[in-house]
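**Q** Quick one, upload_15.txt (compact mmCIF, C-alpha atoms and all ligand atoms):
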# COMPACT_ATOMS: atom_id res chain seq x y z
CA MET J 1 -27.18 -143.05 -141.40
CA GLU J 2 -24.21 -144.93 -142.84
CA ALA J 3 -23.72 -142.19 -145.44
CA LEU J 4 -23.67 -139.55 -142.70
CA ALA J 5 -21.13 -141.55 -140.71
CA LEU J 6 -18.97 -141.88 -143.83
CA VAL J 7 -19.16 -138.14 -144.53
CA LEU J 8 -18.24 -137.34 -140.93
CA PHE J 9 -15.37 -139.81 -141.02
CA LEU J 10 -14.03 -138.39 -144.29
CA THR J 11 -14.37 -134.82 -143.01
CA LEU J 12 -12.41 -135.74 -139.90
CA LEU J 13 -9.78 -137.55 -141.95
CA VAL J 14 -9.31 -134.61 -144.33
CA SER J 15 -9.20 -132.19 -141.39
CA ILE J 16 -6.43 -134.24 -139.76
CA VAL J 17 -4.35 -134.94 -142.85
CA TRP J 18 -4.42 -131.84 -145.09
CA THR J 19 -2.05 -129.85 -142.90
CA HIS J 20 0.63 -132.46 -143.68
CA PHE J 21 1.44 -130.33 -146.73
CA TRP J 22 2.02 -127.24 -144.57
CA GLY J 23 4.27 -128.97 -142.08
CA ALA J 24 2.58 -131.83 -140.23
CA PRO J 25 -0.77 -133.56 -139.86
CA TRP J 26 -2.63 -133.18 -136.60
CA LEU J 27 -1.57 -135.67 -133.97
CA PRO J 28 -1.76 -134.41 -130.40
CA THR J 29 1.16 -134.80 -128.00
CA SER J 30 0.11 -136.87 -125.00
CA ARG J 31 -0.44 -134.84 -121.84
CA ALA J 32 2.46 -136.56 -120.06
CA VAL J 33 4.80 -135.70 -122.91
CA VAL J 34 3.57 -132.08 -122.96
CA HIS J 35 4.63 -131.89 -119.33
CA ASN J 36 7.99 -133.48 -120.16
CA MET J 37 8.63 -131.01 -122.98
CA LEU J 38 7.91 -127.95 -120.85
CA THR J 39 9.88 -129.30 -117.87
CA LEU J 40 12.87 -130.27 -119.99
CA ALA J 41 12.85 -126.79 -121.58
CA ASP J 42 12.92 -125.22 -118.08
CA VAL J 43 9.80 -123.13 -118.68
CA THR J 44 9.26 -120.47 -115.97
CA PRO J 45 6.66 -117.71 -115.46
CA ALA J 46 9.16 -115.29 -117.01
CA ASP J 47 9.05 -117.12 -120.35
CA THR J 48 7.10 -116.72 -123.55
CA VAL J 49 6.40 -120.12 -125.08
CA TYR J 50 5.53 -120.52 -128.76
CA ASP J 51 3.92 -123.75 -129.96
CA LEU J 52 4.38 -124.07 -133.72
CA GLY J 53 1.20 -125.74 -134.94
CA CYS J 54 -0.73 -125.57 -131.67
CA GLY J 55 -3.37 -128.18 -132.56
CA ASP J 56 -6.02 -128.40 -129.85
CA GLY J 57 -4.09 -125.98 -127.62
CA ARG J 58 -2.87 -128.42 -125.00
CA VAL J 59 0.76 -127.21 -125.00
CA ILE J 60 -0.03 -123.49 -124.72
CA VAL J 61 -2.74 -124.06 -122.11
CA THR J 62 -0.39 -126.21 -120.01
CA ALA J 63 2.43 -123.65 -120.39
CA ALA J 64 0.13 -120.92 -119.08
CA ARG J 65 -1.79 -122.81 -116.39
CA ARG J 66 0.83 -125.18 -114.98
CA PHE J 67 4.04 -123.24 -115.68
CA GLY J 68 2.70 -119.67 -115.43
CA ALA J 69 4.20 -118.65 -118.77
CA GLN J 70 2.92 -116.39 -121.50
CA ALA J 71 2.07 -118.54 -124.50
CA VAL J 72 1.53 -118.07 -128.20
CA GLY J 73 0.01 -120.74 -130.43
CA ILE J 74 0.24 -120.60 -134.21
CA GLU J 75 -2.14 -122.80 -136.18
CA ILE J 76 -2.95 -123.06 -139.87
CA ASP J 77 -6.06 -125.18 -139.59
CA PRO J 78 -9.12 -122.93 -139.19
CA LEU J 79 -11.12 -125.41 -137.11
CA ARG J 80 -8.33 -125.98 -134.62
CA TYR J 81 -7.56 -122.25 -134.54
CA LEU J 82 -11.20 -121.51 -133.64
CA TRP J 83 -11.21 -124.31 -131.08
CA CYS J 84 -8.13 -122.80 -129.40
CA GLN J 85 -9.72 -119.34 -129.33
CA LEU J 86 -12.79 -120.83 -127.66
CA LEU J 87 -10.70 -122.83 -125.22
CA ILE J 88 -8.59 -119.93 -123.96
CA THR J 89 -11.71 -117.78 -123.62
CA VAL J 90 -13.58 -120.42 -121.60
CA LEU J 91 -10.50 -121.03 -119.43
CA GLY J 92 -10.02 -117.28 -118.84
CA LEU J 93 -6.53 -117.33 -120.37
CA ARG J 94 -6.85 -114.53 -122.93
CA LYS J 95 -4.40 -112.31 -121.02
CA ARG J 96 -1.71 -114.96 -121.02
CA VAL J 97 -2.32 -116.90 -124.23
CA ARG J 98 -2.51 -115.59 -127.79
CA ILE J 99 -3.49 -117.64 -130.82
CA THR J 100 -2.38 -116.62 -134.31
CA PHE J 101 -3.94 -118.03 -137.45
CA GLY J 102 -1.50 -118.83 -140.26
CA ASP J 103 1.74 -120.44 -141.33
CA PHE J 104 4.39 -120.41 -138.61
CA PHE J 105 7.08 -120.10 -141.28
CA SER J 106 5.85 -116.57 -141.94
CA GLN J 107 5.61 -115.51 -138.27
CA ASP J 108 8.24 -113.64 -136.29
CA LEU J 109 9.58 -115.84 -133.48
CA SER J 110 12.17 -113.40 -132.16
CA ASP J 111 10.47 -112.81 -128.79
CA ALA J 112 10.19 -116.53 -127.95
CA ASP J 113 12.09 -117.86 -124.95
CA VAL J 114 10.89 -121.38 -125.65
CA VAL J 115 9.64 -122.92 -128.88
CA THR J 116 7.81 -126.25 -128.82
CA CYS J 117 6.96 -128.34 -131.85
CA TYR J 118 5.70 -131.72 -132.94
CA LEU J 119 6.13 -131.72 -136.69
CA LEU J 120 7.93 -133.98 -139.17
CA HIS J 121 11.58 -134.72 -139.95
CA ASP J 122 11.69 -132.61 -143.14
CA THR J 123 9.72 -129.76 -141.58
CA ASN J 124 12.18 -129.59 -138.70
CA GLN J 125 15.10 -129.29 -141.11
CA LYS J 126 13.43 -126.36 -142.87
CA LEU J 127 12.52 -124.85 -139.53
CA ALA J 128 16.11 -125.07 -138.23
CA VAL J 129 17.19 -122.26 -140.58
CA LYS J 130 14.45 -119.98 -139.23
CA LEU J 131 15.17 -120.84 -135.59
CA LEU J 132 18.90 -120.22 -136.03
CA SER J 133 18.33 -116.83 -137.60
CA GLU J 134 15.47 -115.57 -135.40
CA LEU J 135 15.76 -116.92 -131.88
CA ARG J 136 17.64 -114.90 -129.31
CA PRO J 137 20.54 -116.30 -127.28
CA GLY J 138 19.30 -118.52 -124.47
CA ALA J 139 16.12 -119.57 -126.24
CA ARG J 140 15.26 -123.27 -126.01
CA VAL J 141 13.50 -125.50 -128.49
CA ALA J 142 11.65 -128.62 -127.31
CA SER J 143 10.73 -131.01 -130.09
CA ASN J 144 8.55 -134.07 -129.78
CA THR J 145 9.99 -137.08 -131.64
CA PHE J 146 11.97 -135.28 -134.36
CA THR J 147 15.46 -133.82 -134.05
CA PHE J 148 17.29 -131.17 -136.11
CA VAL J 149 20.08 -132.50 -138.28
CA GLY J 150 23.33 -130.74 -137.36
CA ILE J 151 22.13 -129.34 -134.01
CA ASP J 152 22.87 -131.61 -131.07
CA PRO J 153 20.24 -131.86 -128.34
CA VAL J 154 21.41 -130.51 -124.99
CA ARG J 155 18.86 -132.66 -123.17
CA GLU J 156 16.61 -135.49 -124.05
CA HIS J 157 14.02 -137.74 -122.50
CA GLY J 158 14.58 -140.84 -124.57
CA GLN J 159 11.51 -142.72 -123.45
CA ALA J 160 9.19 -139.80 -124.20
CA ARG J 161 11.23 -138.93 -127.33
CA VAL J 162 11.56 -135.29 -126.34
CA TYR J 163 14.65 -133.33 -127.39
CA VAL J 164 15.71 -129.89 -126.21
CA PHE J 165 18.01 -127.74 -128.34
CA HIS J 166 19.74 -124.41 -127.84
CA PRO J 167 20.00 -123.18 -131.43
CA GLU J 168 22.85 -120.70 -131.64
CA PRO J 169 23.76 -119.02 -134.92
CA GLU J 170 27.20 -120.64 -134.92
CA SER J 171 25.71 -124.16 -134.68
CA PRO J 172 26.36 -126.01 -137.94
CA THR J 173 23.29 -126.85 -140.00
CA ALA J 174 22.95 -129.74 -142.39
C1 LIG Q 201 1.43 -133.07 -134.86
S1 LIG Q 201 0.30 -131.73 -134.59
C2 LIG Q 201 0.90 -131.11 -133.03
C3 LIG Q 201 -0.13 -130.29 -132.28
C4 LIG Q 201 0.37 -129.73 -130.94
N1 LIG Q 201 1.55 -128.92 -131.09
C5 LIG Q 201 0.66 -130.85 -129.98
O1 LIG Q 201 1.86 -131.10 -129.73
O2 LIG Q 201 -0.30 -131.48 -129.50
C6 LIG Q 201 0.89 -130.52 -135.78
C7 LIG Q 201 0.02 -129.29 -135.87
O3 LIG Q 201 0.70 -128.32 -136.68
C8 LIG Q 201 -0.22 -127.67 -137.52
N2 LIG Q 201 0.56 -127.16 -138.65
C9 LIG Q 201 1.22 -127.90 -139.59
N3 LIG Q 201 1.90 -127.11 -140.43
C10 LIG Q 201 1.68 -125.82 -140.00
C11 LIG Q 201 2.15 -124.54 -140.46
N4 LIG Q 201 2.99 -124.44 -141.50
N5 LIG Q 201 1.75 -123.44 -139.77
C12 LIG Q 201 0.91 -123.56 -138.70
N6 LIG Q 201 0.43 -124.73 -138.23
C13 LIG Q 201 0.83 -125.86 -138.86
C14 LIG Q 201 -1.23 -128.77 -137.87
O4 LIG Q 201 -2.47 -128.24 -138.30
C15 LIG Q 201 -1.33 -129.51 -136.53
O5 LIG Q 201 -2.36 -128.97 -135.73
Any chance you could give the structure as structure tokens?
**A**
Amino acid sequence: MEALALVLFLTLLVSIVWTHFWGAPWLPTSRAVVHNMLTLADVTPADTVYDLGCGDGRVIVTAARRFGAQAVGIEIDPLRYLWCQLLITVLGLRKRVRITFGDFFSQDLSDADVVTCYLLHDTNQKLAVKLLSELRPGARVASNTFTFVGIDPVREHGQARVYVFHPEPESPTA
């Protein structure tokens, strides 16, 4: 019994941590902060929201159900990807939410109106280059906890540590 518990614990630990090397380990944004991020980014039913590393799907599901948006989640962990597919099917959201399996660095983000992320400091700096070159004018980026060096936030919720950016090509990068 103890051996089984240890195996389960280690499996869970590996499943949470290994994606660190792709961009960030799994740590879900609290539901209150998800709401803050989407509100601060002014998400409307006309928007397409991308969550980069969608985890258990809470951001994309909230964007679709509470804000009426179209949502796209990109996830590199196969278990969480499958979980998200199951979740949007059970919730009847397949027409409004799409889940893509893979590395968000190799996905086209050009049709995003809003990008949300909860990654790491270094990952955000690498991501800034992609956001600046791909996002269309008017797109908003809401980041949990981490900022982008060289791009000033246009709004922030200090207590929740949510920052909203309008990455424009002329913005200086680090
Ligand atoms: C800190 S969690 C955030 C999950 C979710 N966005 C949220 O706010 O609750 C980071 C997620 O990004 C995923 N991830 C990390 N690097 C990735 C990459 N390069 N491509 C796709 N997903 C990635 C991880 O598997 C993990 O689920």
**Q** Give the residues close to ligand LIG 201 (chain Q), within 7 Å, counting all atoms listed in the file; write them as a count of residues only.
**A** 31
**Q** If we count all atoms listed in the file, what is near Arg94 in chain J at a cut-off of 12 Å, once residues fewer than 4 positions away on the same chain are taken out, given as a VMD selection string?
**A** chain J and resid 60 to 61 64 to 65 70 to 73 84 to 90 98 to 99
**Q** Write the residues you've just listed into a file as a short mmCIF file (atom, residue, chain, number, x, y, z; two decimals), in the frame of the given file, and include C-alpha atoms for each of them.
**A**
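Written file, selection.cif:
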data_model
loop_
_atom_site.label_atom_id
_atom_site.label_comp_id
_atom_site.auth_asym_id
_atom_site.auth_seq_id
_atom_site.Cartn_x
_atom_site.Cartn_y
_atom_site.Cartn_z
CA ILE J 60 -0.03 -123.49 -124.72
CA VAL J 61 -2.74 -124.06 -122.11
CA ALA J 64 0.13 -120.92 -119.08
CA ARG J 65 -1.79 -122.81 -116.39
CA GLN J 70 2.92 -116.39 -121.50
CA ALA J 71 2.07 -118.54 -124.50
CA VAL J 72 1.53 -118.07 -128.20
CA GLY J 73 0.01 -120.74 -130.43
CA CYS J 84 -8.13 -122.80 -129.40
CA GLN J 85 -9.72 -119.34 -129.33
CA LEU J 86 -12.79 -120.83 -127.66
CA LEU J 87 -10.70 -122.83 -125.22
CA ILE J 88 -8.59 -119.93 -123.96
CA THR J 89 -11.71 -117.78 -123.62
CA VAL J 90 -13.58 -120.42 -121.60
CA ARG J 98 -2.51 -115.59 -127.79
CA ILE J 99 -3.49 -117.64 -130.82
#
**Q** Any idea what's packed within 8 Å of range 151-165 of chain J, counting all atoms listed in the file, ignoring anything in its chain fewer than 3 positions away? Could you give it as a PyMOL selection string?
**A** chain J and resi 33+36-37+40-41+140-148+171-173
**Q** Listed atoms of range 6-24 of chain J, axis-aligned box, 8 Å per side: centre and edge lengths to one decimal in Å, as lines of an AutoDock Vina configuration file?
**A**
center_x = -7.4
center_y = -134.6
center_z = -143.2
size_x = 39.4
size_y = 30.6
size_z = 23.0
**Q** Go through J:Tyr50, J:Leu79, J:Ala139, J:Ser30 and flag the residue nearest Leu12 in chain J, using only C-alpha atoms for the distances.
**A**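 Closest to Leu12 in chain J of all the choices is J:Leu79.
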**Q** Which value, in Å to one decimal, gives the distance between CA of Arg96 in chain J and CA of Leu120 in chain J?
**A**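 Atom-to-atom, CA of Arg96 in chain J to CA of Leu120 in chain J, that is 28.0 Å.
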**Q** Please indicate the distance in Å from CA of Thr100 in chain J to CA of Val49 in chain J, rounded to one decimal place.
**A**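 For CA of Thr100 in chain J relative to CA of Val49 in chain J, the distance reads 13.2 Å.
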**Q** I'd like the interatomic distance between CA of Val149 in chain J and CA of Phe21 in chain J, to a tenth of an Å.
**A**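 Spanning CA of Val149 in chain J to CA of Phe21 in chain J is a straight-line distance of 20.6 Å.
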**Q** Give the answer as one residue: which of J:Leu13, J:Leu82, J:Leu109, J:Leu4 has the shortest atom-to-atom distance to Thr48 in chain J, using all atoms listed in the file?
**A**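 Using all atoms listed in the file, the shortest distance to Thr48 in chain J belongs to J:Leu109.
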**Q** Counting all atoms listed in the file, which of J:Ser110, J:Met1, J:Gly150, J:Arg66 gets nearest to Asn124 in chain J?
**A**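 Closest candidate: J:Gly150.
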